[in-house]
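S.K.: final.cif is reproduced in full below (mmCIF, N, CA and C atoms).
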data_data
#
loop_
_atom_site.label_atom_id
_atom_site.label_comp_id
_atom_site.auth_asym_id
_atom_site.auth_seq_id
_atom_site.Cartn_x
_atom_site.Cartn_y
_atom_site.Cartn_z
N MET A 1 279.09 -29.92 147.94
CA MET A 1 278.99 -29.90 146.49
C MET A 1 278.00 -30.98 146.04
N THR A 2 277.16 -30.66 145.12
CA THR A 2 276.16 -31.59 144.61
C THR A 2 276.81 -32.61 143.69
N ASP A 3 276.50 -33.89 143.92
CA ASP A 3 276.99 -34.95 143.05
C ASP A 3 275.92 -35.20 141.98
N HIS A 4 276.00 -34.46 140.89
CA HIS A 4 274.98 -34.53 139.85
C HIS A 4 274.92 -35.91 139.19
N ARG A 5 276.05 -36.55 139.02
CA ARG A 5 276.06 -37.88 138.40
C ARG A 5 275.28 -38.88 139.27
N LYS A 6 275.54 -38.86 140.57
CA LYS A 6 274.82 -39.77 141.48
C LYS A 6 273.32 -39.49 141.45
N LEU A 7 272.96 -38.21 141.49
CA LEU A 7 271.55 -37.86 141.41
C LEU A 7 270.93 -38.36 140.10
N ALA A 8 271.65 -38.18 138.98
CA ALA A 8 271.14 -38.62 137.68
C ALA A 8 270.88 -40.13 137.68
N VAL A 9 271.85 -40.88 138.18
CA VAL A 9 271.72 -42.35 138.22
C VAL A 9 270.58 -42.76 139.13
N ASP A 10 270.55 -42.20 140.34
CA ASP A 10 269.51 -42.57 141.31
C ASP A 10 268.11 -42.24 140.79
N LEU A 11 267.96 -41.07 140.18
CA LEU A 11 266.66 -40.68 139.64
C LEU A 11 266.28 -41.54 138.44
N PHE A 12 267.25 -41.87 137.59
CA PHE A 12 266.99 -42.75 136.44
C PHE A 12 266.46 -44.09 136.94
N ASN A 13 267.15 -44.67 137.93
CA ASN A 13 266.73 -45.97 138.47
C ASN A 13 265.38 -45.88 139.18
N TYR A 14 265.15 -44.80 139.90
CA TYR A 14 263.87 -44.61 140.57
C TYR A 14 262.74 -44.51 139.55
N THR A 15 263.00 -43.81 138.46
CA THR A 15 261.99 -43.70 137.40
C THR A 15 261.63 -45.08 136.88
N TRP A 16 262.62 -45.95 136.68
CA TRP A 16 262.33 -47.31 136.22
C TRP A 16 261.49 -48.08 137.23
N THR A 17 261.76 -47.87 138.52
CA THR A 17 260.96 -48.51 139.56
C THR A 17 259.49 -48.10 139.41
N LEU A 18 259.27 -46.82 139.18
CA LEU A 18 257.90 -46.34 138.99
C LEU A 18 257.30 -46.88 137.69
N LEU A 19 258.08 -46.91 136.62
CA LEU A 19 257.58 -47.45 135.34
C LEU A 19 257.12 -48.89 135.49
N GLU A 20 257.84 -49.66 136.26
CA GLU A 20 257.53 -51.08 136.41
C GLU A 20 256.35 -51.33 137.34
N ASN A 21 255.95 -50.32 138.10
CA ASN A 21 254.82 -50.45 139.01
C ASN A 21 253.52 -50.32 138.21
N LYS A 22 252.82 -51.41 138.03
CA LYS A 22 251.59 -51.41 137.22
C LYS A 22 250.39 -50.85 137.99
N GLU A 23 250.57 -50.57 139.27
CA GLU A 23 249.48 -50.04 140.08
C GLU A 23 249.82 -48.65 140.62
N ARG A 24 250.47 -47.85 139.77
CA ARG A 24 250.82 -46.49 140.17
C ARG A 24 249.57 -45.66 140.42
N THR A 25 249.69 -44.77 141.37
CA THR A 25 248.63 -43.79 141.61
C THR A 25 248.85 -42.60 140.67
N HIS A 26 247.86 -41.73 140.59
CA HIS A 26 248.01 -40.51 139.79
C HIS A 26 249.21 -39.69 140.28
N GLU A 27 249.37 -39.62 141.59
CA GLU A 27 250.49 -38.88 142.16
C GLU A 27 251.82 -39.51 141.75
N GLN A 28 251.89 -40.83 141.72
CA GLN A 28 253.12 -41.51 141.30
C GLN A 28 253.38 -41.30 139.81
N ASP A 29 252.31 -41.22 139.02
CA ASP A 29 252.50 -40.91 137.60
C ASP A 29 253.21 -39.57 137.44
N GLU A 30 252.73 -38.57 138.16
CA GLU A 30 253.34 -37.25 138.07
C GLU A 30 254.76 -37.25 138.63
N GLU A 31 254.96 -37.98 139.71
CA GLU A 31 256.29 -38.11 140.30
C GLU A 31 257.26 -38.75 139.30
N MET A 32 256.77 -39.71 138.53
CA MET A 32 257.58 -40.39 137.52
C MET A 32 258.03 -39.40 136.43
N VAL A 33 257.13 -38.53 136.01
CA VAL A 33 257.47 -37.51 135.02
C VAL A 33 258.57 -36.61 135.58
N HIS A 34 258.38 -36.13 136.78
CA HIS A 34 259.35 -35.22 137.39
C HIS A 34 260.70 -35.92 137.61
N SER A 35 260.65 -37.17 138.02
CA SER A 35 261.87 -37.92 138.26
C SER A 35 262.67 -38.12 136.97
N ALA A 36 261.99 -38.45 135.89
CA ALA A 36 262.67 -38.64 134.60
C ALA A 36 263.30 -37.33 134.12
N HIS A 37 262.54 -36.25 134.24
CA HIS A 37 263.09 -34.95 133.83
C HIS A 37 264.25 -34.52 134.73
N ALA A 38 264.13 -34.79 136.01
CA ALA A 38 265.21 -34.42 136.93
C ALA A 38 266.47 -35.23 136.63
N SER A 39 266.31 -36.50 136.32
CA SER A 39 267.46 -37.31 135.95
C SER A 39 268.15 -36.72 134.72
N ARG A 40 267.37 -36.40 133.71
CA ARG A 40 267.92 -35.82 132.48
C ARG A 40 268.60 -34.49 132.76
N HIS A 41 268.02 -33.71 133.66
CA HIS A 41 268.63 -32.43 134.03
C HIS A 41 270.03 -32.65 134.61
N HIS A 42 270.13 -33.58 135.53
CA HIS A 42 271.43 -33.84 136.16
C HIS A 42 272.42 -34.47 135.18
N TRP A 43 271.92 -35.29 134.23
CA TRP A 43 272.81 -35.78 133.17
C TRP A 43 273.33 -34.61 132.34
N GLY A 44 272.51 -33.61 132.15
CA GLY A 44 272.93 -32.45 131.39
C GLY A 44 274.09 -31.71 132.04
N ILE A 45 274.20 -31.83 133.34
CA ILE A 45 275.28 -31.18 134.07
C ILE A 45 276.52 -32.09 134.16
N ALA A 46 276.31 -33.37 134.43
CA ALA A 46 277.43 -34.25 134.75
C ALA A 46 277.62 -35.43 133.81
N GLY A 47 276.81 -35.54 132.78
CA GLY A 47 276.88 -36.72 131.94
C GLY A 47 277.48 -36.48 130.57
N THR A 48 277.59 -37.55 129.84
CA THR A 48 278.07 -37.52 128.46
C THR A 48 276.90 -37.28 127.52
N GLU A 49 277.21 -37.10 126.25
CA GLU A 49 276.13 -36.98 125.26
C GLU A 49 275.26 -38.24 125.27
N LYS A 50 275.86 -39.38 125.47
CA LYS A 50 275.11 -40.64 125.52
C LYS A 50 274.16 -40.65 126.71
N ASN A 51 274.65 -40.22 127.88
CA ASN A 51 273.78 -40.16 129.07
C ASN A 51 272.60 -39.25 128.83
N LYS A 52 272.88 -38.07 128.26
CA LYS A 52 271.80 -37.11 128.00
C LYS A 52 270.79 -37.70 127.02
N ALA A 53 271.28 -38.33 125.97
CA ALA A 53 270.39 -38.91 124.96
C ALA A 53 269.52 -40.00 125.57
N ARG A 54 270.11 -40.85 126.37
CA ARG A 54 269.34 -41.93 127.00
C ARG A 54 268.34 -41.38 128.01
N GLY A 55 268.66 -40.23 128.59
CA GLY A 55 267.69 -39.57 129.45
C GLY A 55 266.46 -39.14 128.66
N GLU A 56 266.68 -38.67 127.44
CA GLU A 56 265.55 -38.31 126.57
C GLU A 56 264.70 -39.53 126.26
N TRP A 57 265.37 -40.67 126.02
CA TRP A 57 264.63 -41.90 125.74
C TRP A 57 263.76 -42.29 126.93
N GLN A 58 264.32 -42.16 128.15
CA GLN A 58 263.53 -42.53 129.32
C GLN A 58 262.33 -41.61 129.48
N ILE A 59 262.53 -40.33 129.24
CA ILE A 59 261.40 -39.40 129.31
C ILE A 59 260.33 -39.79 128.29
N ALA A 60 260.76 -40.13 127.08
CA ALA A 60 259.80 -40.57 126.05
C ALA A 60 259.05 -41.80 126.52
N ARG A 61 259.75 -42.72 127.15
CA ARG A 61 259.13 -43.95 127.64
C ARG A 61 258.09 -43.64 128.72
N VAL A 62 258.42 -42.73 129.61
CA VAL A 62 257.50 -42.34 130.67
C VAL A 62 256.23 -41.74 130.07
N TYR A 63 256.41 -40.80 129.15
CA TYR A 63 255.23 -40.17 128.54
C TYR A 63 254.39 -41.18 127.76
N ALA A 64 255.03 -42.11 127.10
CA ALA A 64 254.27 -43.15 126.37
C ALA A 64 253.47 -44.00 127.35
N ALA A 65 254.08 -44.34 128.48
CA ALA A 65 253.37 -45.14 129.49
C ALA A 65 252.14 -44.41 130.02
N LEU A 66 252.21 -43.08 130.01
CA LEU A 66 251.09 -42.28 130.48
C LEU A 66 250.15 -41.85 129.35
N LYS A 67 250.42 -42.36 128.16
CA LYS A 67 249.62 -42.06 126.97
C LYS A 67 249.65 -40.57 126.60
N ARG A 68 250.74 -39.94 126.89
CA ARG A 68 250.98 -38.55 126.50
C ARG A 68 251.92 -38.60 125.29
N PHE A 69 251.34 -39.00 124.18
CA PHE A 69 252.13 -39.39 123.02
C PHE A 69 252.83 -38.23 122.30
N VAL A 70 252.27 -37.05 122.34
CA VAL A 70 252.93 -35.91 121.69
C VAL A 70 254.25 -35.61 122.41
N ALA A 71 254.20 -35.54 123.73
CA ALA A 71 255.43 -35.31 124.50
C ALA A 71 256.40 -36.47 124.32
N SER A 72 255.88 -37.68 124.29
CA SER A 72 256.73 -38.85 124.08
C SER A 72 257.47 -38.77 122.75
N ALA A 73 256.76 -38.41 121.70
CA ALA A 73 257.38 -38.33 120.37
C ALA A 73 258.46 -37.25 120.35
N HIS A 74 258.23 -36.15 121.02
CA HIS A 74 259.23 -35.08 121.06
C HIS A 74 260.55 -35.58 121.66
N HIS A 75 260.47 -36.24 122.80
CA HIS A 75 261.68 -36.71 123.47
C HIS A 75 262.31 -37.90 122.74
N ALA A 76 261.50 -38.74 122.15
CA ALA A 76 262.04 -39.84 121.35
C ALA A 76 262.80 -39.31 120.14
N GLN A 77 262.29 -38.24 119.54
CA GLN A 77 262.97 -37.63 118.40
C GLN A 77 264.31 -37.02 118.83
N LEU A 78 264.36 -36.43 120.02
CA LEU A 78 265.63 -35.90 120.52
C LEU A 78 266.66 -37.01 120.67
N TYR A 79 266.23 -38.17 121.12
CA TYR A 79 267.13 -39.32 121.25
C TYR A 79 267.60 -39.78 119.87
N LEU A 80 266.69 -39.91 118.93
CA LEU A 80 267.07 -40.32 117.58
C LEU A 80 268.05 -39.32 116.96
N ASP A 81 267.78 -38.04 117.12
CA ASP A 81 268.68 -37.01 116.59
C ASP A 81 270.07 -37.15 117.19
N ALA A 82 270.15 -37.39 118.49
CA ALA A 82 271.45 -37.56 119.15
C ALA A 82 272.16 -38.81 118.62
N CYS A 83 271.41 -39.87 118.38
CA CYS A 83 272.01 -41.10 117.84
C CYS A 83 272.59 -40.87 116.45
N LYS A 84 271.95 -40.01 115.67
CA LYS A 84 272.45 -39.70 114.33
C LYS A 84 273.71 -38.86 114.39
N MET A 85 273.86 -38.05 115.43
CA MET A 85 275.00 -37.15 115.55
C MET A 85 276.21 -37.79 116.21
N HIS A 86 275.99 -38.84 116.98
CA HIS A 86 277.06 -39.44 117.78
C HIS A 86 277.13 -40.95 117.53
N ASP A 87 278.27 -41.50 117.82
CA ASP A 87 278.47 -42.93 117.69
C ASP A 87 278.29 -43.57 119.07
N PHE A 88 277.06 -43.94 119.39
CA PHE A 88 276.77 -44.56 120.68
C PHE A 88 276.92 -46.07 120.56
N ASP A 89 276.38 -46.81 121.52
CA ASP A 89 276.46 -48.27 121.51
C ASP A 89 275.57 -48.86 120.42
N ASP A 90 275.77 -50.13 120.14
CA ASP A 90 275.06 -50.78 119.02
C ASP A 90 273.55 -50.86 119.23
N TRP A 91 273.08 -50.67 120.44
CA TRP A 91 271.64 -50.78 120.68
C TRP A 91 270.94 -49.42 120.77
N ASP A 92 271.69 -48.34 120.79
CA ASP A 92 271.04 -47.03 120.93
C ASP A 92 270.16 -46.68 119.73
N PHE A 93 270.69 -46.82 118.54
CA PHE A 93 269.92 -46.46 117.35
C PHE A 93 268.64 -47.29 117.23
N PRO A 94 268.70 -48.63 117.40
CA PRO A 94 267.45 -49.39 117.37
C PRO A 94 266.45 -48.95 118.45
N PHE A 95 266.96 -48.64 119.64
CA PHE A 95 266.04 -48.20 120.70
C PHE A 95 265.51 -46.80 120.45
N ALA A 96 266.23 -46.00 119.69
CA ALA A 96 265.67 -44.69 119.32
C ALA A 96 264.45 -44.90 118.43
N HIS A 97 264.53 -45.85 117.52
CA HIS A 97 263.37 -46.16 116.67
C HIS A 97 262.26 -46.82 117.50
N GLU A 98 262.64 -47.63 118.47
CA GLU A 98 261.65 -48.23 119.37
C GLU A 98 260.88 -47.14 120.09
N GLY A 99 261.61 -46.12 120.58
CA GLY A 99 260.96 -45.03 121.30
C GLY A 99 259.97 -44.26 120.44
N LEU A 100 260.37 -44.01 119.19
CA LEU A 100 259.45 -43.31 118.28
C LEU A 100 258.26 -44.18 117.91
N ALA A 101 258.50 -45.46 117.71
CA ALA A 101 257.37 -46.37 117.41
C ALA A 101 256.36 -46.35 118.55
N ARG A 102 256.87 -46.44 119.78
CA ARG A 102 256.00 -46.44 120.96
C ARG A 102 255.22 -45.12 121.05
N ALA A 103 255.89 -44.02 120.74
CA ALA A 103 255.26 -42.70 120.83
C ALA A 103 254.19 -42.49 119.77
N LEU A 104 254.32 -43.19 118.65
CA LEU A 104 253.41 -42.97 117.52
C LEU A 104 252.30 -44.01 117.41
N VAL A 105 252.23 -44.93 118.34
CA VAL A 105 251.25 -46.03 118.30
C VAL A 105 249.84 -45.54 118.02
N THR A 106 249.41 -44.52 118.71
CA THR A 106 248.03 -44.04 118.60
C THR A 106 247.88 -42.98 117.51
N ASN A 107 248.80 -42.02 117.49
CA ASN A 107 248.64 -40.86 116.60
C ASN A 107 249.02 -41.13 115.15
N ASN A 108 249.94 -42.08 114.92
CA ASN A 108 250.39 -42.35 113.56
C ASN A 108 250.89 -43.79 113.46
N PRO A 109 249.96 -44.77 113.48
CA PRO A 109 250.37 -46.17 113.49
C PRO A 109 251.19 -46.58 112.26
N GLU A 110 250.95 -45.93 111.11
CA GLU A 110 251.72 -46.28 109.92
C GLU A 110 253.19 -45.90 110.11
N LYS A 111 253.42 -44.72 110.65
CA LYS A 111 254.80 -44.27 110.93
C LYS A 111 255.40 -45.12 112.05
N ALA A 112 254.59 -45.51 113.01
CA ALA A 112 255.07 -46.39 114.08
C ALA A 112 255.58 -47.71 113.49
N GLU A 113 254.83 -48.23 112.53
CA GLU A 113 255.26 -49.48 111.86
C GLU A 113 256.59 -49.29 111.15
N GLN A 114 256.80 -48.13 110.54
CA GLN A 114 258.07 -47.86 109.87
C GLN A 114 259.22 -47.85 110.87
N HIS A 115 259.00 -47.25 112.02
CA HIS A 115 260.04 -47.23 113.05
C HIS A 115 260.27 -48.62 113.62
N LEU A 116 259.21 -49.40 113.75
CA LEU A 116 259.37 -50.79 114.19
C LEU A 116 260.25 -51.56 113.22
N ALA A 117 259.98 -51.41 111.94
CA ALA A 117 260.78 -52.11 110.92
C ALA A 117 262.23 -51.67 110.97
N GLU A 118 262.47 -50.39 111.14
CA GLU A 118 263.85 -49.88 111.21
C GLU A 118 264.53 -50.38 112.48
N ALA A 119 263.80 -50.43 113.58
CA ALA A 119 264.37 -50.95 114.83
C ALA A 119 264.74 -52.42 114.69
N ARG A 120 263.87 -53.20 114.05
CA ARG A 120 264.17 -54.63 113.85
C ARG A 120 265.40 -54.79 112.96
N LYS A 121 265.46 -54.02 111.89
CA LYS A 121 266.58 -54.11 110.95
C LYS A 121 267.90 -53.73 111.62
N THR A 122 267.93 -52.57 112.27
CA THR A 122 269.16 -52.14 112.90
C THR A 122 269.47 -52.95 114.16
N GLY A 123 268.44 -53.53 114.76
CA GLY A 123 268.64 -54.36 115.94
C GLY A 123 269.38 -55.66 115.66
N GLU A 124 269.39 -56.07 114.40
CA GLU A 124 270.12 -57.29 114.04
C GLU A 124 271.61 -57.15 114.32
N ASP A 125 272.11 -55.91 114.38
CA ASP A 125 273.54 -55.67 114.61
C ASP A 125 273.92 -55.60 116.09
N ILE A 126 272.95 -55.76 116.97
CA ILE A 126 273.25 -55.74 118.40
C ILE A 126 273.98 -57.03 118.75
N LYS A 127 275.15 -56.89 119.34
CA LYS A 127 276.00 -58.05 119.61
C LYS A 127 275.54 -58.89 120.81
N LYS A 128 275.15 -58.22 121.89
CA LYS A 128 274.76 -58.96 123.10
C LYS A 128 273.33 -59.48 122.96
N ASP A 129 273.20 -60.78 123.14
CA ASP A 129 271.89 -61.43 123.01
C ASP A 129 270.85 -60.81 123.93
N GLU A 130 271.22 -60.51 125.16
CA GLU A 130 270.24 -59.98 126.12
C GLU A 130 269.74 -58.60 125.70
N ASP A 131 270.62 -57.78 125.12
CA ASP A 131 270.19 -56.46 124.63
C ASP A 131 269.27 -56.61 123.43
N ARG A 132 269.63 -57.49 122.52
CA ARG A 132 268.81 -57.72 121.32
C ARG A 132 267.46 -58.31 121.71
N ASP A 133 267.47 -59.26 122.63
CA ASP A 133 266.22 -59.88 123.08
C ASP A 133 265.30 -58.87 123.75
N TRP A 134 265.88 -57.96 124.54
CA TRP A 134 265.05 -56.96 125.20
C TRP A 134 264.45 -56.00 124.17
N LEU A 135 265.24 -55.65 123.15
CA LEU A 135 264.71 -54.82 122.07
C LEU A 135 263.52 -55.50 121.41
N TYR A 136 263.71 -56.74 121.01
CA TYR A 136 262.64 -57.45 120.29
C TYR A 136 261.41 -57.66 121.16
N LYS A 137 261.62 -57.87 122.46
CA LYS A 137 260.47 -57.98 123.38
C LYS A 137 259.67 -56.68 123.36
N ASN A 138 260.37 -55.56 123.42
CA ASN A 138 259.70 -54.25 123.38
C ASN A 138 259.02 -54.03 122.04
N LEU A 139 259.67 -54.42 120.95
CA LEU A 139 259.08 -54.23 119.62
C LEU A 139 257.82 -55.08 119.46
N ASP A 140 257.84 -56.29 119.98
CA ASP A 140 256.64 -57.15 119.93
C ASP A 140 255.50 -56.53 120.71
N GLU A 141 255.83 -55.94 121.86
CA GLU A 141 254.82 -55.27 122.69
C GLU A 141 254.20 -54.10 121.93
N ILE A 142 255.02 -53.32 121.26
CA ILE A 142 254.52 -52.17 120.51
C ILE A 142 253.69 -52.64 119.33
N SER A 143 254.14 -53.66 118.65
CA SER A 143 253.39 -54.20 117.51
C SER A 143 251.99 -54.65 117.96
N ALA A 144 251.92 -55.30 119.11
CA ALA A 144 250.62 -55.73 119.64
C ALA A 144 249.74 -54.52 119.96
N MET A 145 250.33 -53.45 120.45
CA MET A 145 249.57 -52.24 120.76
C MET A 145 249.01 -51.63 119.46
N ILE A 146 249.81 -51.62 118.42
CA ILE A 146 249.36 -51.06 117.15
C ILE A 146 248.18 -51.86 116.62
N HIS A 147 248.30 -53.18 116.65
CA HIS A 147 247.26 -54.03 116.09
C HIS A 147 246.01 -54.13 116.96
N ALA A 148 246.12 -53.70 118.22
CA ALA A 148 244.96 -53.69 119.11
C ALA A 148 244.09 -52.46 118.88
N ASN A 149 244.70 -51.43 118.27
CA ASN A 149 243.93 -50.17 118.04
C ASN A 149 243.03 -50.28 116.83
#
Now, as a test, write the supplied structure out as structure tokens.

M.R.:
Amino acid sequence: MTDHRKLAVDLFNYTWTLLENKERTHEQDEEMVHSAHASRHHWGIAGTEKNKARGEWQIARVYAALKRFVASAHHAQLYLDACKMHDFDDWDFPFAHEGLARALVTNNPEKAEQHLAEARKTGEDIKKDEDRDWLYKNLDEISAMIHAN
């Protein structure tokens, strides 16, 4: 019997390993896309609504890293929609806005700024310092990307 949860976790973690590799090859870029989608697929079978939503966020992050912003925005919007429908953790909603801001950096910087502002505002309610700090680190990175364009 297939352990879909284990596959989802392993693929999610593997995708992060690829995301963190700043010297990825073209083949690894494509492998990262497939790995993120495969993780989300297995979450769809064995995970909660939160797992599935976070899988969408990771896919959005992968596409943003590859500068495939239309696909990134699509998956980031799926995450935001899920956050609006469900009561997830205190950092999910801010990170949904982070994902959309990252996806819109090039195609719609004004809208990206709006999502950055919303992420900062809602991020104030994150209780764990490390989660809030990681959010703000990401938001600062996105802000720098917007202003570099």

S.K.: For range 2-5 of chain A, please output as a list in words all residues within 6.5 Å (counting only N, CA and C atoms; exclusion window: fewer than 6 positions along the same chain).

M.R.: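 With the cut-off at 6.5 Å, the set is His42, Trp43, Ile45, Ala46 and Gly47 of chain A.
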
S.K.: Atom N of Leu100 in chain A and CA of Thr25 in chain A are how many Å apart?

M.R.: 25.3 Å

S.K.: Would you mind listing what lies within 8 Å of range 130-139 of chain A as a PDB file with N, CA and C atoms, in the coordinates of the input, with all atoms listed in the file counted and same-chain residues fewer than 6 positions away left out?

M.R.:
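Contents of the output file out-v8.pdb:
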ATOM      1  N   TRP A  91     273.080 -50.670 120.440  1.00  0.00           N
ATOM      2  CA  TRP A  91     271.640 -50.780 120.680  1.00  0.00           C
ATOM      3  C   TRP A  91     270.940 -49.420 120.770  1.00  0.00           C
ATOM      4  N   PRO A  94     268.700 -48.630 117.400  1.00  0.00           N
ATOM      5  CA  PRO A  94     267.450 -49.390 117.370  1.00  0.00           C
ATOM      6  C   PRO A  94     266.450 -48.950 118.450  1.00  0.00           C
ATOM      7  N   PHE A  95     266.960 -48.640 119.640  1.00  0.00           N
ATOM      8  CA  PHE A  95     266.040 -48.200 120.700  1.00  0.00           C
ATOM      9  C   PHE A  95     265.510 -46.800 120.450  1.00  0.00           C
ATOM     10  N   GLU A  98     262.640 -47.630 118.470  1.00  0.00           N
ATOM     11  CA  GLU A  98     261.650 -48.230 119.370  1.00  0.00           C
ATOM     12  C   GLU A  98     260.880 -47.140 120.090  1.00  0.00           C
ATOM     13  N   LEU A 116     259.210 -49.400 113.750  1.00  0.00           N
ATOM     14  CA  LEU A 116     259.370 -50.790 114.190  1.00  0.00           C
ATOM     15  C   LEU A 116     260.250 -51.560 113.220  1.00  0.00           C
ATOM     16  N   ALA A 119     263.800 -50.430 113.580  1.00  0.00           N
ATOM     17  CA  ALA A 119     264.370 -50.950 114.830  1.00  0.00           C
ATOM     18  C   ALA A 119     264.740 -52.420 114.690  1.00  0.00           C
ATOM     19  N   ARG A 120     263.870 -53.200 114.050  1.00  0.00           N
ATOM     20  CA  ARG A 120     264.170 -54.630 113.850  1.00  0.00           C
ATOM     21  C   ARG A 120     265.400 -54.790 112.960  1.00  0.00           C
ATOM     22  N   GLY A 123     268.440 -53.530 114.760  1.00  0.00           N
ATOM     23  CA  GLY A 123     268.640 -54.360 115.940  1.00  0.00           C
ATOM     24  C   GLY A 123     269.380 -55.660 115.660  1.00  0.00           C
ATOM     25  N   GLU A 124     269.390 -56.070 114.400  1.00  0.00           N
ATOM     26  CA  GLU A 124     270.120 -57.290 114.040  1.00  0.00           C
ATOM     27  C   GLU A 124     271.610 -57.150 114.320  1.00  0.00           C
ATOM     28  N   MET A 145     250.330 -53.450 120.450  1.00  0.00           N
ATOM     29  CA  MET A 145     249.570 -52.240 120.760  1.00  0.00           C
ATOM     30  C   MET A 145     249.010 -51.630 119.460  1.00  0.00           C
TER      31      MET A 145
END

S.K.: Determine the axis-aligned bounding box of all atoms of range 98-113 of chain A present in the file, pad each side by 6 Å, and express its centre and edge lengths in Å to one decimal place as lines of an AutoDock Vina configuration file.

M.R.:
center_x = 255.3
center_y = -45.2
center_z = 115.6
size_x = 26.8
size_y = 20.6
size_z = 23.4

S.K.: Between CA of Gln114 in chain A and CA of Asp87 in chain A, what is the spacing in Å?

M.R.: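 CA of Gln114 in chain A lies 22.4 Å from CA of Asp87 in chain A.
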
S.K.: When DSSP is applied to the backbone of this structure, which of range 41-135 of chain A are assigned alpha helix (DSSP H)? Write them out as an MDAnalysis selection string.

M.R.: chainID A and resid 41:46 49:65 69:85 92:104 109:123 129:135

S.K.: Using only C-alpha atoms, which residue out of A:His97, A:Ala71, A:Ala38, A:Tyr63 lies closest to Asp10 in chain A?

M.R.: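 Closest to Asp10 in chain A of all the choices is A:Ala38.
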
S.K.: Apply the PyMOL selection byres ((chain A and resi 52) around 8) to the structure shown and report the selected residues as a list in words.

M.R.: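 With the PyMOL selection byres ((chain A and resi 52) around 8) on this model, the match is Ser39, Arg40, His41, His42, Trp43, Gly44, Ile45, Ala46, Gly47, Thr48, Glu49, Lys50, Asn51, Ala53, Arg54, Gly55, Glu56, Trp57, Gln58, Leu78, Tyr79 and Ala82 of chain A.
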
S.K.: Quick one, how far is atom C of Leu18 in chain A from atom C of Lys67 in chain A?

M.R.: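 We find that atom C of Leu18 in chain A and atom C of Lys67 in chain A lie 14.9 Å from each other.
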
S.K.: With distances taken over only C-alpha atoms, which of A:Arg102, A:His115, A:Lys84, A:His26 is nearest to Phe69 in chain A?

M.R.: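 Once distances to Phe69 in chain A are computed over only C-alpha atoms, the minimum belongs to A:Arg102.
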
S.K.: Counting all atoms listed in the file, which residue out of A:Glu110, A:Phe88, A:Phe93, A:Ala103 sits closest to His74 in chain A?

M.R.: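 Of A:Glu110, A:Phe88, A:Phe93, A:Ala103, the one nearest His74 in chain A, counting all atoms listed in the file, is A:Ala103.
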